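Next comes upload_0.cif, with mmCIF, C-alpha atoms and all ligand atoms.
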data_work
loop_
_atom_site.label_atom_id
_atom_site.label_comp_id
_atom_site.auth_asym_id
_atom_site.auth_seq_id
_atom_site.Cartn_x
_atom_site.Cartn_y
_atom_site.Cartn_z
CA MET U 8 114.67 52.67 -31.16
CA ARG U 9 117.55 50.68 -32.68
CA GLN U 10 120.87 52.43 -32.91
CA LYS U 11 124.03 52.11 -34.90
CA LEU U 12 127.59 53.27 -34.29
CA THR U 13 129.42 55.19 -36.96
CA PRO U 14 133.17 55.89 -36.55
CA LEU U 15 133.59 59.62 -35.90
CA SER U 16 135.95 60.09 -38.86
CA GLU U 17 133.45 58.46 -41.21
CA TRP U 18 130.59 60.51 -39.77
CA ALA U 19 132.56 63.75 -40.19
CA ARG U 20 133.32 62.86 -43.82
CA ARG U 21 129.67 62.08 -44.49
CA GLU U 22 128.47 65.31 -42.89
CA ASP U 23 131.21 67.25 -44.64
CA ILE U 24 132.63 68.61 -41.36
CA PRO U 25 136.39 68.79 -40.58
CA HIS U 26 137.46 65.99 -38.24
CA SER U 27 138.74 68.50 -35.68
CA THR U 28 135.31 70.19 -35.58
CA ALA U 29 133.64 66.81 -35.07
CA ARG U 30 136.02 66.08 -32.16
CA LYS U 31 135.10 69.43 -30.66
CA MET U 32 131.39 68.68 -31.05
CA VAL U 33 131.91 65.42 -29.15
CA ALA U 34 133.87 67.19 -26.41
CA GLU U 35 131.11 69.77 -26.05
CA GLY U 36 128.44 67.09 -25.97
CA ARG U 37 126.80 68.44 -29.12
CA ILE U 38 126.61 65.01 -30.69
CA ARG U 39 125.91 61.70 -29.06
CA ALA U 40 129.14 59.68 -29.14
CA GLN U 41 130.73 56.77 -27.37
CA LYS U 42 134.37 55.75 -27.00
CA ILE U 43 135.06 52.12 -27.74
CA GLY U 44 138.70 51.09 -27.34
CA ASP U 45 140.53 54.18 -28.49
CA ARG U 46 138.03 55.22 -31.15
CA TRP U 47 135.05 57.50 -30.99
CA TYR U 48 131.75 56.42 -32.53
CA VAL U 49 128.71 58.55 -33.19
CA VAL U 50 125.53 56.95 -31.88
CA GLU U 51 122.80 57.31 -34.46
CA ASP U 52 119.19 56.22 -34.32
CA ILE U 53 118.11 53.97 -37.14
CA PRO U 54 114.81 55.44 -38.31
CA GLU U 55 111.76 53.24 -38.64
CA ASP U 56 111.82 53.42 -42.43
CA ALA U 57 115.28 51.89 -42.66
CA ILE U 58 114.53 49.02 -40.32
CA LYS U 59 111.49 47.76 -42.11
CA GLY U 60 112.93 47.89 -45.64
CA GLY U 61 110.26 48.66 -48.26
CA MET U 62 110.49 52.16 -49.66
CA VAL U 63 107.51 54.52 -49.72
CA LEU U 64 107.75 57.10 -52.50
CA THR U 65 105.06 59.70 -53.14
CA LEU U 66 104.52 61.18 -56.58
CA PHE U 67 104.13 64.78 -55.58
CA THR U 68 103.52 68.16 -57.16
CA HIS U 69 100.57 70.54 -57.08
CA ALA U 70 100.99 71.08 -60.80
CA GLY U 71 98.25 69.16 -62.63
CA GLY U 72 99.18 67.24 -65.77
CA ALA U 73 102.85 66.97 -64.79
CA GLY U 74 102.73 63.20 -65.13
CA LYS U 75 102.33 61.93 -61.54
CA THR U 76 99.68 59.35 -62.29
CA SER U 77 101.29 58.11 -65.49
CA LEU U 78 104.63 57.73 -63.74
CA ALA U 79 103.09 55.93 -60.75
CA ARG U 80 101.47 53.44 -63.11
CA ASP U 81 104.49 52.94 -65.39
CA LEU U 82 107.27 53.01 -62.78
CA GLY U 83 105.19 50.63 -60.66
CA PHE U 84 104.80 48.29 -63.60
CA GLU U 85 108.50 48.46 -64.48
CA LEU U 86 109.62 47.69 -60.91
CA ALA U 87 107.06 44.89 -60.59
CA SER U 88 108.26 43.33 -63.81
CA ARG U 89 111.75 43.25 -62.29
CA GLY U 90 110.38 41.04 -59.52
CA LYS U 91 109.94 43.81 -56.96
CA ARG U 92 106.75 43.68 -54.93
CA VAL U 93 104.96 46.95 -55.60
CA LEU U 94 101.89 48.57 -54.10
CA LEU U 95 100.28 51.55 -55.80
CA VAL U 96 98.14 53.81 -53.62
CA ASP U 97 95.74 56.12 -55.42
CA MET U 98 95.32 59.20 -53.23
CA ASP U 99 93.59 61.36 -55.82
CA PRO U 100 89.77 61.57 -55.58
CA GLN U 101 89.83 61.95 -59.40
CA ALA U 102 90.89 58.28 -59.33
CA ASN U 103 92.71 58.37 -62.68
CA LEU U 104 95.26 55.77 -61.64
CA SER U 105 92.50 53.38 -60.62
CA ALA U 106 90.50 53.99 -63.80
CA TRP U 107 93.57 53.59 -66.02
CA LEU U 108 94.26 50.20 -64.46
CA GLY U 109 90.66 49.05 -64.87
CA PHE U 110 89.40 49.66 -61.33
CA GLU U 111 86.49 51.97 -61.88
CA ASP U 112 83.88 50.07 -60.01
CA VAL U 113 85.16 50.32 -56.46
CA GLY U 114 83.47 51.39 -53.27
CA GLU U 115 84.76 54.07 -50.93
CA ARG U 116 85.69 51.38 -48.35
CA ASP U 117 88.17 49.96 -50.92
CA THR U 118 90.16 53.21 -50.72
CA VAL U 119 92.43 54.71 -48.03
CA LEU U 120 89.44 56.67 -46.68
CA PRO U 121 88.86 54.27 -43.70
CA VAL U 122 92.27 55.17 -42.21
CA PHE U 123 91.09 58.76 -41.75
CA GLU U 124 88.12 57.44 -39.83
CA GLY U 125 90.01 55.23 -37.41
CA ALA U 126 89.70 51.96 -39.35
CA ASP U 127 92.27 49.78 -41.16
CA LEU U 128 93.40 49.93 -44.77
CA PRO U 129 91.41 47.68 -47.11
CA ALA U 130 93.08 44.64 -48.69
CA PRO U 131 94.95 45.79 -51.82
CA LYS U 132 93.70 44.53 -55.18
CA GLY U 133 95.94 42.52 -57.51
CA VAL U 134 96.60 44.23 -60.85
CA TYR U 135 99.52 42.30 -62.37
CA PRO U 136 101.97 39.83 -60.80
CA ASN U 137 103.82 41.72 -58.03
CA LEU U 138 101.68 44.81 -58.61
CA ASP U 139 98.82 45.64 -56.23
CA LEU U 140 96.60 48.69 -55.93
CA ILE U 141 94.62 50.46 -53.27
CA PRO U 142 92.24 52.32 -55.56
CA SER U 143 90.52 55.66 -55.14
CA HIS U 144 86.94 56.87 -55.37
CA VAL U 145 85.47 60.34 -55.73
CA GLU U 146 84.35 60.18 -52.07
CA LEU U 147 88.01 60.11 -50.98
CA ALA U 148 87.63 63.90 -51.16
CA ARG U 149 85.85 63.54 -47.80
CA GLY U 150 89.29 62.77 -46.38
CA GLU U 151 90.02 66.48 -46.74
CA VAL U 152 87.05 67.25 -44.45
CA SER U 153 87.94 64.64 -41.82
CA LEU U 154 91.53 65.88 -41.82
CA SER U 155 90.45 69.46 -41.15
CA ARG U 156 88.29 68.23 -38.27
CA GLU U 157 90.88 65.79 -36.95
CA PRO U 158 94.27 67.03 -38.08
CA HIS U 159 96.15 64.38 -36.06
CA ASN U 160 95.06 61.91 -38.74
CA THR U 161 97.60 63.54 -41.05
CA PHE U 162 99.92 60.72 -39.96
CA ALA U 163 97.36 57.93 -40.17
CA LEU U 164 98.39 56.96 -43.70
CA ARG U 165 102.05 56.81 -42.73
CA ALA U 166 101.23 54.48 -39.87
CA ALA U 167 99.01 52.30 -42.04
CA LEU U 168 101.57 52.00 -44.84
CA ASN U 169 104.35 51.29 -42.37
CA ALA U 170 102.60 48.09 -41.49
CA LEU U 171 102.85 47.06 -45.17
CA ARG U 172 106.55 47.74 -45.60
CA GLU U 173 107.43 44.11 -45.03
CA ARG U 174 105.09 42.97 -47.79
CA TYR U 175 106.30 45.35 -50.48
CA ASP U 176 109.64 46.55 -51.81
CA TYR U 177 108.06 49.74 -53.14
CA ILE U 178 104.93 51.58 -52.17
CA LEU U 179 104.16 54.31 -54.71
CA VAL U 180 101.61 56.87 -53.59
CA ASP U 181 99.96 58.92 -56.34
CA SER U 182 99.10 62.30 -54.85
CA LEU U 183 96.59 64.84 -56.08
CA PRO U 184 97.31 68.22 -57.71
CA SER U 185 97.05 70.24 -54.50
CA LEU U 186 99.00 71.31 -51.46
CA GLY U 187 96.05 70.65 -49.13
CA SER U 188 95.77 68.18 -46.30
CA LEU U 189 95.21 65.05 -48.41
CA ALA U 190 98.36 65.85 -50.36
CA ALA U 191 100.23 66.53 -47.10
CA THR U 192 99.11 63.15 -45.80
CA ALA U 193 100.41 61.49 -48.95
CA ALA U 194 103.74 63.32 -48.71
CA LEU U 195 104.20 62.73 -44.99
CA ALA U 196 103.67 58.99 -45.52
CA ALA U 197 106.77 58.85 -47.70
CA ASP U 198 110.50 58.28 -47.39
CA GLY U 199 110.92 60.71 -50.25
CA LEU U 200 109.07 62.50 -53.02
CA VAL U 201 109.29 61.80 -56.72
CA VAL U 202 108.46 65.04 -58.48
CA PRO U 203 107.54 65.02 -62.17
CA VAL U 204 108.16 68.40 -63.74
CA GLU U 205 106.68 69.41 -67.05
CA LEU U 206 109.40 71.01 -69.13
CA SER U 207 107.95 74.49 -69.30
CA ARG U 208 108.46 77.70 -67.37
CA LYS U 209 105.27 76.94 -65.46
CA GLY U 210 106.66 73.52 -64.53
CA VAL U 211 109.89 74.98 -63.21
CA GLN U 212 108.01 77.65 -61.27
CA ALA U 213 105.90 75.00 -59.55
CA LEU U 214 109.08 73.14 -58.65
CA GLY U 215 110.29 76.05 -56.49
CA THR U 216 107.18 75.73 -54.33
CA VAL U 217 107.43 71.94 -54.16
CA ILE U 218 111.05 72.14 -53.00
CA GLY U 219 110.09 74.56 -50.23
CA VAL U 220 107.17 72.44 -49.04
CA ALA U 221 109.27 69.26 -49.24
CA GLU U 222 111.94 70.81 -47.07
CA ALA U 223 109.37 71.62 -44.38
CA TYR U 224 107.96 68.06 -44.50
CA GLY U 225 111.44 66.55 -44.32
CA LYS U 226 112.35 68.66 -41.30
CA ALA U 227 109.12 67.72 -39.51
CA LEU U 228 109.73 64.01 -40.09
CA MET U 229 113.34 64.35 -39.01
CA ARG U 230 112.37 66.03 -35.76
CA MET U 231 110.09 63.11 -35.04
CA ARG U 232 112.91 60.70 -35.92
CA LEU U 233 110.77 59.11 -38.57
CA TRP U 234 113.14 59.83 -41.39
CA SER U 235 116.85 60.35 -41.70
CA GLY U 236 117.61 61.20 -45.32
CA ARG U 237 119.09 64.46 -46.49
CA PHE U 238 116.69 65.82 -49.07
CA PHE U 239 113.07 64.92 -48.98
CA VAL U 240 112.81 65.30 -52.75
CA PHE U 241 114.11 61.90 -53.77
CA LEU U 242 114.05 62.40 -57.53
CA VAL U 243 112.93 64.97 -60.08
CA VAL U 244 111.65 63.56 -63.37
CA PRO U 245 111.37 65.99 -66.29
CA THR U 246 108.35 65.11 -68.43
CA HIS U 247 106.75 66.11 -71.74
CA ALA U 248 110.19 66.63 -73.30
CA GLU U 249 110.25 67.48 -76.99
CA GLY U 250 113.98 67.72 -77.47
CA THR U 251 113.86 71.36 -78.53
CA ALA U 252 116.36 74.11 -77.73
CA ARG U 253 113.75 75.57 -75.38
CA ASP U 254 113.54 72.24 -73.52
CA ARG U 255 117.29 72.22 -73.08
CA GLU U 256 117.12 75.74 -71.69
CA VAL U 257 114.40 74.75 -69.22
CA LEU U 258 116.44 71.67 -68.21
CA ARG U 259 119.41 73.93 -67.58
CA LEU U 260 117.25 76.20 -65.41
CA LEU U 261 116.03 73.16 -63.55
CA GLN U 262 119.53 71.88 -62.83
CA GLU U 263 120.55 75.37 -61.76
CA ARG U 264 117.67 75.59 -59.31
CA LEU U 265 118.27 72.13 -57.85
CA GLY U 266 122.05 72.33 -57.68
CA GLU U 267 123.73 69.13 -56.56
CA LYS U 268 121.06 68.42 -54.00
CA VAL U 269 118.46 66.51 -55.90
CA PRO U 270 119.01 63.92 -58.63
CA VAL U 271 117.32 64.59 -61.95
CA ALA U 272 116.22 61.62 -64.04
CA PRO U 273 116.57 61.43 -67.82
CA ALA U 274 113.57 63.22 -69.32
CA LEU U 275 110.45 61.39 -70.48
CA SER U 276 109.44 62.43 -73.99
CA ARG U 277 106.02 63.77 -74.93
CA ARG U 278 104.19 61.07 -76.87
CA PRO U 279 100.48 61.92 -76.89
CA ALA U 280 99.32 59.04 -79.10
CA VAL U 281 101.13 56.38 -77.09
CA TYR U 282 99.91 57.70 -73.73
CA ARG U 283 96.37 58.08 -75.03
CA GLU U 284 96.39 54.49 -76.22
CA ALA U 285 97.68 53.28 -72.84
CA GLN U 286 94.78 55.07 -71.16
CA THR U 287 92.06 53.78 -73.44
CA ARG U 288 93.36 50.21 -73.29
CA GLY U 289 93.88 50.41 -69.51
CA ILE U 290 97.51 49.32 -69.63
CA PRO U 291 100.91 50.71 -68.60
CA VAL U 292 102.49 52.74 -71.39
CA GLN U 293 105.27 50.16 -71.84
CA LEU U 294 102.72 47.65 -73.12
CA VAL U 295 101.67 49.86 -76.02
CA GLY U 296 104.71 48.63 -77.90
CA SER U 297 107.09 51.53 -78.33
CA PRO U 298 110.69 50.43 -77.63
CA GLU U 299 111.72 54.06 -76.95
CA VAL U 300 109.10 54.42 -74.22
CA VAL U 301 110.22 51.14 -72.67
CA ALA U 302 113.84 52.31 -72.66
CA GLU U 303 112.98 55.67 -71.08
CA LEU U 304 111.07 54.08 -68.22
CA ARG U 305 113.83 51.55 -67.67
CA GLY U 306 116.21 54.47 -67.27
CA VAL U 307 114.03 56.06 -64.58
CA ALA U 308 113.58 52.74 -62.76
CA ASP U 309 117.35 52.04 -62.87
CA LEU U 310 117.97 55.39 -61.25
CA VAL U 311 115.29 54.84 -58.59
CA GLU U 312 116.77 51.45 -57.72
CA SER U 313 120.32 52.75 -57.48
CA LEU U 314 119.20 55.70 -55.32
CA VAL U 315 117.36 53.37 -52.96
CA LYS U 316 120.43 51.15 -52.69
CA LYS U 317 122.62 54.15 -51.95
CA ARG U 318 120.20 55.41 -49.34
CA LEU U 319 120.02 52.08 -47.54
CA GLU U 320 123.82 51.96 -47.49
CA GLU U 321 123.91 55.48 -46.08
CA VAL U 322 121.62 54.60 -43.19
CA GLY U 323 123.71 51.48 -42.67
CA VAL U 324 121.29 48.59 -43.01
N1 LIG D 1 105.13 61.57 -71.81
C1 LIG D 1 103.87 61.92 -72.12
N2 LIG D 1 103.53 62.20 -73.37
C2 LIG D 1 102.28 62.56 -73.70
N3 LIG D 1 101.27 62.61 -72.83
C3 LIG D 1 101.54 62.31 -71.56
C4 LIG D 1 102.84 61.94 -71.13
N4 LIG D 1 102.80 61.70 -69.79
C5 LIG D 1 101.54 61.90 -69.42
N5 LIG D 1 100.77 62.27 -70.46
C6 LIG D 1 99.36 62.63 -70.46
O1 LIG D 1 99.21 63.88 -69.82
C7 LIG D 1 98.05 63.89 -69.02
C8 LIG D 1 98.43 64.25 -67.61
O2 LIG D 1 99.25 63.24 -67.06
P1 LIG D 1 99.01 62.67 -65.61
O3 LIG D 1 99.88 61.48 -65.45
O4 LIG D 1 97.57 62.48 -65.37
O5 LIG D 1 99.55 63.88 -64.72
P2 LIG D 1 99.17 64.28 -63.22
O6 LIG D 1 98.82 63.02 -62.50
O7 LIG D 1 100.41 64.92 -62.69
O8 LIG D 1 98.03 65.24 -63.29
C9 LIG D 1 97.42 62.50 -69.15
O9 LIG D 1 96.38 62.56 -70.06
C10 LIG D 1 98.55 61.64 -69.66
O10 LIG D 1 98.10 60.59 -70.45
MG MG D 2 97.13 62.52 -61.35
#
Produce structure tokens that represent the structure in this file.
Amino acid sequence: MRQKLTPLSEWARREDIPHSTARKMVAEGRIRAQKIGDRWYVVEDIPEDAIKGGMVLTLFTHAGGAGKTSLARDLGFELASRGKRVLLVDMDPQANLSAWLGFEDVGERDTVLPVFEGADLPAPKGVYPNLDLIPSHVELARGEVSLSREPHNTFALRAALNALRERYDYILVDSLPSLGSLAATAALAADGLVVPVELSRKGVQALGTVIGVAEAYGKALMRMRLWSGRFFVFLVVPTHAEGTARDREVLRLLQERLGEKVPVAPALSRRPAVYREAQTRGIPVQLVGSPEVVAELRGVADLVESLVKKRLEEVGV
């Protein structure tokens, strides 16, 4: 594993530990450090995700209708139109993402299913310039069965997507509304979770569970030195906003629950007609022609890009 050296003072600042405590930790051998000249450096492993570039983000929440699939489609399209190379991975046996992008007639071997059976990922399909898709099929539900029989395959998707990190700047995985093994596989393949939250009490309640589950996933990946970030929830995106006083109250609750830990994106407004049209025409919502929708998605994409930049700086590559 590649390593990097971080000056002890800088490391202590980053970890929010007094410098004297950090010195003590070095003296007691509690952190790996090395003296070069007269300065101490902390020796840190560079995790696999940082080395290979390309960011894997999973749209994750067990709440149905929160906006995972819509956001995967539209954020993917927005990033691709900025020249980023984007791969969308449909992990939901309902296959909405695939259907909404015009890929209804696919076979089960075109999906991620083969990776749970020891084979390779299929070649992604081109949707738009810079935007590819590994579609889904109702039979992907069988993945749940193979995973219960062969639980070690929980990491098969992570391994398969890792091999694609050099070809894509973003890999967006659209998870299913569950906390079962397929959803775990989708989450554990990621560098972070993007969590759409419907602005309602139900939405905020679901978020509590997601945060708990995400923390457990993050810790597991950290122990395996596969991931080095701080919070596995990368971004929370409030959805179905109607600009009412009640919405503002729910947003306040949301911020309160998340504290400083997790960034919250500007909310996406509820626009049933526009989203319905996008679905029937099989296009990203930005192409329906509403400037407000375009601006909202740009805002989310700007935030995603700046968070990725910050994260890469943090891990020092
Ligand atoms: N901002 C929005 N305004 C109105 N309808 C929306 C919006 N975002 C998503 N929808 C609609 O809500 C439904 C659920 O969204 P979807 O993206 O499928 O959520 P999930 O994947 O989390 O179940 C879809 O029919 C979608 O078109
Ligand atoms: Mg969905």
| So what do you get for atom CA of U:Ala148 versus atom CA of U:Ile178, distance-wise? | 21.3 Å
Please tabulate, as a tab-separated table, the residues of chain U that come within 6 Å of ligand LIG 1 (chain D), each with its closest pair of atoms and the distance in Å to one decimal, counting only C-alpha atoms and all ligand atoms and ordering rows by chain, then residue number upward.
residue	atom	partner	partner_atom	distance
U:Gly71	CA	D:LIG1	O8	4.0
U:Gly72	CA	D:LIG1	O8	3.4
U:Ala73	CA	D:LIG1	O7	3.8
U:Gly74	CA	D:LIG1	O5	3.3
U:Lys75	CA	D:LIG1	O7	3.7
U:Thr76	CA	D:LIG1	O6	3.8
U:Ser77	CA	D:LIG1	O3	3.7
U:Thr246	CA	D:LIG1	N1	5.9
U:His247	CA	D:LIG1	N1	4.8
U:Leu275	CA	D:LIG1	N1	5.5
U:Ser276	CA	D:LIG1	N1	4.9
U:Arg277	CA	D:LIG1	N2	3.3
U:Arg278	CA	D:LIG1	N2	3.7
U:Pro279	CA	D:LIG1	C2	3.7
U:Tyr282	CA	D:LIG1	O10	4.7
U:Arg283	CA	D:LIG1	O10	5.5
| task | May I ask for the distance between atom CA of U:Asp254 and atom CA of U:Ser207, given in Å to one decimal place? | result |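 According to the coordinates, atom CA of U:Asp254 and atom CA of U:Ser207 are separated by 7.4 Å.
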Which residues are near U:Arg37? Cut-off 12 Å, only C-alpha atoms, ignore same chain within fewer than 4 positions. Put them as a PDB file with C-alpha atoms, in the coordinates of the input.
ATOM      1  CA  THR U  28     135.310  70.190 -35.580  1.00  0.00           C
ATOM      2  CA  ALA U  29     133.640  66.810 -35.070  1.00  0.00           C
ATOM      3  CA  ARG U  30     136.020  66.080 -32.160  1.00  0.00           C
ATOM      4  CA  LYS U  31     135.100  69.430 -30.660  1.00  0.00           C
ATOM      5  CA  MET U  32     131.390  68.680 -31.050  1.00  0.00           C
ATOM      6  CA  VAL U  33     131.910  65.420 -29.150  1.00  0.00           C
ATOM      7  CA  VAL U  49     128.710  58.550 -33.190  1.00  0.00           C
ATOM      8  CA  VAL U  50     125.530  56.950 -31.880  1.00  0.00           C
TER       9      VAL U  50
END
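Each of U:Gly187, U:Pro129, U:Pro270, U:Gly61 was compared to U:Glu151 using only C-alpha atoms, and U:Gly187 turns out to be the nearest.
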Could I get the residues of chain U with an atom no further than 12 Å from an atom of ligand MG 2 (chain D), each paired with its nearest atom pair and that distance in Å to one decimal, using all atoms listed in the file, sorted by chain and residue number, as a Markdown table?
| residue | atom | partner | partner_atom | distance |
| --- | --- | --- | --- | --- |
| U:Thr65 | CA | D:MG2 | MG | 11.8 |
| U:Leu66 | CA | D:MG2 | MG | 8.9 |
| U:Phe67 | CA | D:MG2 | MG | 9.3 |
| U:Thr68 | CA | D:MG2 | MG | 9.5 |
| U:His69 | CA | D:MG2 | MG | 9.7 |
| U:Ala70 | CA | D:MG2 | MG | 9.4 |
| U:Gly71 | CA | D:MG2 | MG | 6.9 |
| U:Gly72 | CA | D:MG2 | MG | 6.8 |
| U:Ala73 | CA | D:MG2 | MG | 8.0 |
| U:Gly74 | CA | D:MG2 | MG | 6.8 |
| U:Lys75 | CA | D:MG2 | MG | 5.2 |
| U:Thr76 | CA | D:MG2 | MG | 4.2 |
| U:Ser77 | CA | D:MG2 | MG | 7.3 |
| U:Leu78 | CA | D:MG2 | MG | 9.2 |
| U:Ala79 | CA | D:MG2 | MG | 8.9 |
| U:Arg80 | CA | D:MG2 | MG | 10.2 |
| U:Val96 | CA | D:MG2 | MG | 11.7 |
| U:Asp97 | CA | D:MG2 | MG | 8.8 |
| U:Met98 | CA | D:MG2 | MG | 9.0 |
| U:Asp99 | CA | D:MG2 | MG | 6.7 |
| U:Pro100 | CA | D:MG2 | MG | 9.4 |
| U:Gln101 | CA | D:MG2 | MG | 7.6 |
| U:Ala102 | CA | D:MG2 | MG | 7.8 |
| U:Asn103 | CA | D:MG2 | MG | 6.2 |
| U:Leu104 | CA | D:MG2 | MG | 7.0 |
| U:Ser105 | CA | D:MG2 | MG | 10.3 |
| U:Ala106 | CA | D:MG2 | MG | 11.1 |
| U:Trp107 | CA | D:MG2 | MG | 10.7 |
| U:Ser143 | CA | D:MG2 | MG | 11.4 |
| U:Val180 | CA | D:MG2 | MG | 10.6 |
| U:Asp181 | CA | D:MG2 | MG | 6.8 |
| U:Ser182 | CA | D:MG2 | MG | 6.8 |
| U:Leu183 | CA | D:MG2 | MG | 5.8 |
| U:Pro184 | CA | D:MG2 | MG | 6.8 |
| U:Ser185 | CA | D:MG2 | MG | 10.3 |
| U:Ala190 | CA | D:MG2 | MG | 11.5 |
| U:Val202 | CA | D:MG2 | MG | 12.0 |
| U:Pro203 | CA | D:MG2 | MG | 10.7 |
| message | Taking 6 positions as the minimum chain separation for residues in the same chain, which residues sit within 12 Å of U:Gly225 when counting all atoms listed in the file? Answer as an MDAnalysis selection string. | response | chainID U and resid 191 194:200 217:219 231:241
| request: Within 7 Å of stretch 111-121 of chain U, counting all atoms listed in the file, which residues show up once you throw out same-chain ones fewer than 6 positions away? Write them as a list of chain:residue names, please. | output: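 My reading of the contact set: U:Ser105, U:Asp127, U:Leu128, U:Pro129, U:Ile141, U:Pro142, U:Ser143, U:His144, U:Glu146, U:Leu147, U:Gly150.
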Missing atoms in stretch 141-155 of chain U: fill them in up to N, CA and C atoms and send the result as a PDB file, in the coordinates of the input.
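What ended up in rebuild-v7.pdb:
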ATOM      1  N   ILE U 141      95.727  49.986 -54.106  1.00  0.00           N
ATOM      2  CA  ILE U 141      94.620  50.460 -53.270  1.00  0.00           C
ATOM      3  C   ILE U 141      93.999  51.603 -54.071  1.00  0.00           C
ATOM      4  N   PRO U 142      92.810  51.362 -54.615  1.00  0.00           N
ATOM      5  CA  PRO U 142      92.240  52.320 -55.560  1.00  0.00           C
ATOM      6  C   PRO U 142      91.638  53.544 -54.867  1.00  0.00           C
ATOM      7  N   SER U 143      91.153  54.470 -55.674  1.00  0.00           N
ATOM      8  CA  SER U 143      90.520  55.660 -55.140  1.00  0.00           C
ATOM      9  C   SER U 143      89.065  55.727 -55.623  1.00  0.00           C
ATOM     10  N   HIS U 144      88.366  56.705 -55.116  1.00  0.00           N
ATOM     11  CA  HIS U 144      86.940  56.870 -55.370  1.00  0.00           C
ATOM     12  C   HIS U 144      86.687  58.358 -55.149  1.00  0.00           C
ATOM     13  N   VAL U 145      85.715  58.905 -55.827  1.00  0.00           N
ATOM     14  CA  VAL U 145      85.470  60.340 -55.730  1.00  0.00           C
ATOM     15  C   VAL U 145      85.213  60.765 -54.273  1.00  0.00           C
ATOM     16  N   GLU U 146      84.665  59.850 -53.474  1.00  0.00           N
ATOM     17  CA  GLU U 146      84.350  60.180 -52.070  1.00  0.00           C
ATOM     18  C   GLU U 146      85.601  60.306 -51.198  1.00  0.00           C
ATOM     19  N   LEU U 147      86.771  59.933 -51.746  1.00  0.00           N
ATOM     20  CA  LEU U 147      88.010  60.110 -50.980  1.00  0.00           C
ATOM     21  C   LEU U 147      88.204  61.594 -50.633  1.00  0.00           C
ATOM     22  N   ALA U 148      87.566  62.462 -51.435  1.00  0.00           N
ATOM     23  CA  ALA U 148      87.630  63.900 -51.160  1.00  0.00           C
ATOM     24  C   ALA U 148      87.152  64.207 -49.740  1.00  0.00           C
ATOM     25  N   ARG U 149      86.309  63.346 -49.186  1.00  0.00           N
ATOM     26  CA  ARG U 149      85.850  63.540 -47.800  1.00  0.00           C
ATOM     27  C   ARG U 149      87.007  63.485 -46.811  1.00  0.00           C
ATOM     28  N   GLY U 150      88.095  62.830 -47.228  1.00  0.00           N
ATOM     29  CA  GLY U 150      89.290  62.770 -46.380  1.00  0.00           C
ATOM     30  C   GLY U 150      89.742  64.175 -46.011  1.00  0.00           C
ATOM     31  N   GLU U 151      89.616  65.087 -46.969  1.00  0.00           N
ATOM     32  CA  GLU U 151      90.020  66.480 -46.740  1.00  0.00           C
ATOM     33  C   GLU U 151      89.224  67.066 -45.565  1.00  0.00           C
ATOM     34  N   VAL U 152      87.922  66.746 -45.518  1.00  0.00           N
ATOM     35  CA  VAL U 152      87.050  67.250 -44.450  1.00  0.00           C
ATOM     36  C   VAL U 152      87.428  66.605 -43.114  1.00  0.00           C
ATOM     37  N   SER U 153      87.592  65.261 -43.111  1.00  0.00           N
ATOM     38  CA  SER U 153      87.940  64.640 -41.820  1.00  0.00           C
ATOM     39  C   SER U 153      89.287  65.133 -41.329  1.00  0.00           C
ATOM     40  N   LEU U 154      90.215  65.404 -42.259  1.00  0.00           N
ATOM     41  CA  LEU U 154      91.530  65.880 -41.820  1.00  0.00           C
ATOM     42  C   LEU U 154      91.451  67.277 -41.220  1.00  0.00           C
ATOM     43  N   SER U 155      90.529  68.113 -41.730  1.00  0.00           N
ATOM     44  CA  SER U 155      90.450  69.460 -41.150  1.00  0.00           C
ATOM     45  C   SER U 155      89.791  69.389 -39.770  1.00  0.00           C
TER      46      SER U 155
END
